[in-house]
Amino acid sequence: MSLTVDFKGKTVVVVGGTSGINRGIAELFARHGARVAVASRKEAKVTDTVAALEGHGAEAMGFVADVRDLDAVEAGLKSVHEAWGDFDVLVSGAAGNFPASLNGMSANAFRSVVEIDLIGTVHVMKASYPYLKKPGASVVNISAPQAFLPMPGQSHVSAAKAGVDMITRTLAIEWGRDGIRVNSVVPGPIGGTEGMARLAPTPDAIEKVAASVPLNRLGTPDDIGHACMYLSSDMGAYVSGAVLPVDGGWAQSGCGGMGAFLGKLVAQLEGR
Ligand code: HXC
Ligand code: NAP
């Protein structure tokens with residue numbers, strides 16, 4: 001059997017694909033021949049990303065939707081299906097995060113993150129199912145180390161992303177008979193992203209996080225995109241239900257003391 005990472009003629013949808021890691025994933029697929037659709041809340045980000053994808057020579061489209069709004073997600077995905085047919089690859093990565101203790105946030109603050117990360121993923125999964133190629137589609141959910149490692153100031157993200165990974169593992173079973181594979185990718189600290197800016201807000205903090213990674217560097221969006229491409233290519237044909245850290249070994253070292261660092265950051269932000 002010949003294996004390929006050529007995505008020519010494939011349809012890839014990246015929800016939350018208009019900045020940071022997810023945009024990097026979208027651009028990587030575009031650079032490897034796929035037609036790529038992206039979605040997020042802000043029209044300007046969608047337009048800008050579609051132009052960048054076209055700049056890679058790809059067919060591209062986008063739609064505006066808040067993943068908390070099931071109707072908007074359904075309408076957007078339907079428009080992609082009408083244009084291009086069934087989806088070969090779905091990446092679901094819309095997320096929100098801010099450092100705050102449970103006592104330091106309102107119930108609505110906690111709910112917001114859970115509704116974006118977890119319920120948003122449920123919306124994206126449910127609305128995509130009719131359009132996923134059966135057999136053959138690959139679904140990749142973007143998780144976070146907080147899913148398995150508690151960190152102060154991250155109860156909302158931990159609860160939400162642990163849920164995302166359990167959805168991944170459950171759907172690997174429920175959708176397996178359709179020939180759909182479902183996996184999670186768990187990025188480590190990725191340089192130049194909004195997530196890092198929020199959790200490591202100074203150059204010194206970023207340097208310390210980079211030094212705490214066993215491979216001694218921050219990750220890049222391409223590092224995460226390569227994992228998504230592997231999982232979605234013929235090379236990943238027998239992989240389903242995996243929760244794959246792509247983090248230079250960071251999780252194995254307890255995320256390099258990120259919990260202790262965040263404990264101090266949150267105490268400082270909350271004046272304790
Ligand atoms: C406490 C906060 C807060 C903060 C917002 N809230 N920021 N509470 N501390 N720093 C509260 C608000 O007061 C409000 O509660 C509730 O959260 C919702 O806030 P809104 O601004 O009204 O919500 P919304 O506009 O929907 O924005 C959602 C958001 C926002 C999550 C709050 O930050 C966002 O849109 N983020 C998207 C981008 C992002 O976060 N990217 C990073 C992903 S990185 P009240 O009670 O006042 O109504 C990641 C993992 C990184 O996920 C891992 C790195 C290792
Ligand atoms: P980012 O740039 O803020 O990316 C988040 C994306 O989701 C954006 O395109 C954003 O666009 C969209 N989005 C946010 N809320 C949305 C909503 N309610 N509905 C629809 N779209 C929404 O953040 P990032 O740091 O690159 O993180 C990307 C992913 O990687 C997230 O799933 C995050 O949990 C995960 N992760 C990041 C890191 C890291 O080091 N950065 C580490 C581990 C895991 P709009 O603003 O236009 O909506």
# chains A, B, ... in the order shown; residues from 1 in each chain; ligands from 1

call {"tool": "residues_near_ligand", "arguments": {"ligand": "ligand 1", "cutoff": "6 Å", "atoms": "only C-alpha atoms and all ligand atoms", "output": "PDB file with C-alpha atoms, in the first residue's frame"}}
result
ATOM      1  CA  ALA A  95     -11.602  27.726  22.857  1.00  0.00           C
ATOM      2  CA  GLY A  96     -11.459  30.407  25.496  1.00  0.00           C
ATOM      3  CA  ASN A  97      -9.210  30.747  28.522  1.00  0.00           C
ATOM      4  CA  PHE A  98      -8.202  33.205  31.211  1.00  0.00           C
ATOM      5  CA  PRO A  99      -6.324  32.643  34.449  1.00  0.00           C
ATOM      6  CA  ALA A 100      -8.703  32.868  37.436  1.00  0.00           C
ATOM      7  CA  MET A 105     -14.596  33.966  38.802  1.00  0.00           C
ATOM      8  CA  SER A 106     -18.367  34.179  38.496  1.00  0.00           C
ATOM      9  CA  ASN A 108     -21.026  32.747  34.293  1.00  0.00           C
ATOM     10  CA  ALA A 109     -17.267  33.004  33.708  1.00  0.00           C
ATOM     11  CA  SER A 112     -18.519  30.656  29.305  1.00  0.00           C
ATOM     12  CA  VAL A 113     -15.387  28.551  28.961  1.00  0.00           C
ATOM     13  CA  ALA A 144      -4.980  20.962  26.301  1.00  0.00           C
ATOM     14  CA  GLY A 188       2.058  21.770  24.718  1.00  0.00           C
ATOM     15  CA  PRO A 189       3.065  25.436  25.043  1.00  0.00           C
ATOM     16  CA  GLU A 194      -3.066  33.862  22.531  1.00  0.00           C
ATOM     17  CA  GLY A 195      -3.088  30.933  24.947  1.00  0.00           C
ATOM     18  CA  MET A 196       0.550  31.486  25.868  1.00  0.00           C
TER      19      MET A 196
END

call {"tool": "residues_near_ligand", "arguments": {"ligand": "ligand 2", "cutoff": "6 Å", "atoms": "only C-alpha atoms and all ligand atoms", "output": "NGL selection string"}}
result
:A and (16-22 or 40-42 or 45 or 65-68 or 93-96 or 116 or 142-144 or 187-190 or 193-196)

call {"tool": "atom_distance", "arguments": {"atom1": "atom CA of A:Ala205", "atom2": "atom CA of A:Ala26"}}
result
28.3 Å

call {"tool": "residues_around", "arguments": {"residues": "stretch 167-181 of chain A", "least_positions_apart": "5", "cutoff": "10 Å", "atoms": "only C-alpha atoms", "output": "PyMOL selection string"}}
result
chain A and resi 88-89+118+121-122+125+129+132-143+161-162+231-232+236-243

call {"tool": "select_by_dssp", "arguments": {"residues": "stretch 64-197 of chain A", "states": "strand (DSSP E or B)", "output": "list in words"}}
result
Val64, Phe87, Val89, Leu90, Val91, Ser92, Leu132, Ser138, Val139, Val140, Asn141, Ile142, Arg181, Val182, Asn183, Ser184, Val185, Val186, Pro187 and Ile190 of chain A

call {"tool": "residues_around", "arguments": {"residues": "A:Gly57", "least_positions_apart": "3", "cutoff": "9 Å", "atoms": "only C-alpha atoms", "output": "JSON list (two decimals) with C-alpha atoms, in the first residue's frame"}}
result
[["chain", "number", "residue", "atom", "x", "y", "z"],
["A", 30, "ALA", "CA", -3.92, 24.31, 2.47],
["A", 31, "ARG", "CA", -0.20, 24.10, 1.72],
["A", 33, "GLY", "CA", -3.38, 20.70, -1.43],
["A", 53, "LEU", "CA", -5.42, 30.21, 2.57],
["A", 54, "GLU", "CA", -6.02, 31.36, -1.00]]

call {"tool": "residues_around", "arguments": {"residues": "A:Val46", "least_positions_apart": "5", "cutoff": "7 Å", "atoms": "only C-alpha atoms", "output": "list in words"}}
result
Thr18, Val38, Ala39, Ser40, Gly62, Phe63 and Val64 of chain A

call {"tool": "atom_distance", "arguments": {"atom1": "atom CA of A:Leu244", "atom2": "atom CA of A:Ser212"}}
result
19.5 Å

call {"tool": "select_by_dssp", "arguments": {"residues": "stretch 64-160 of chain A", "states": "helix (DSSP H, G or I)", "output": "count of residues only"}}
result
49
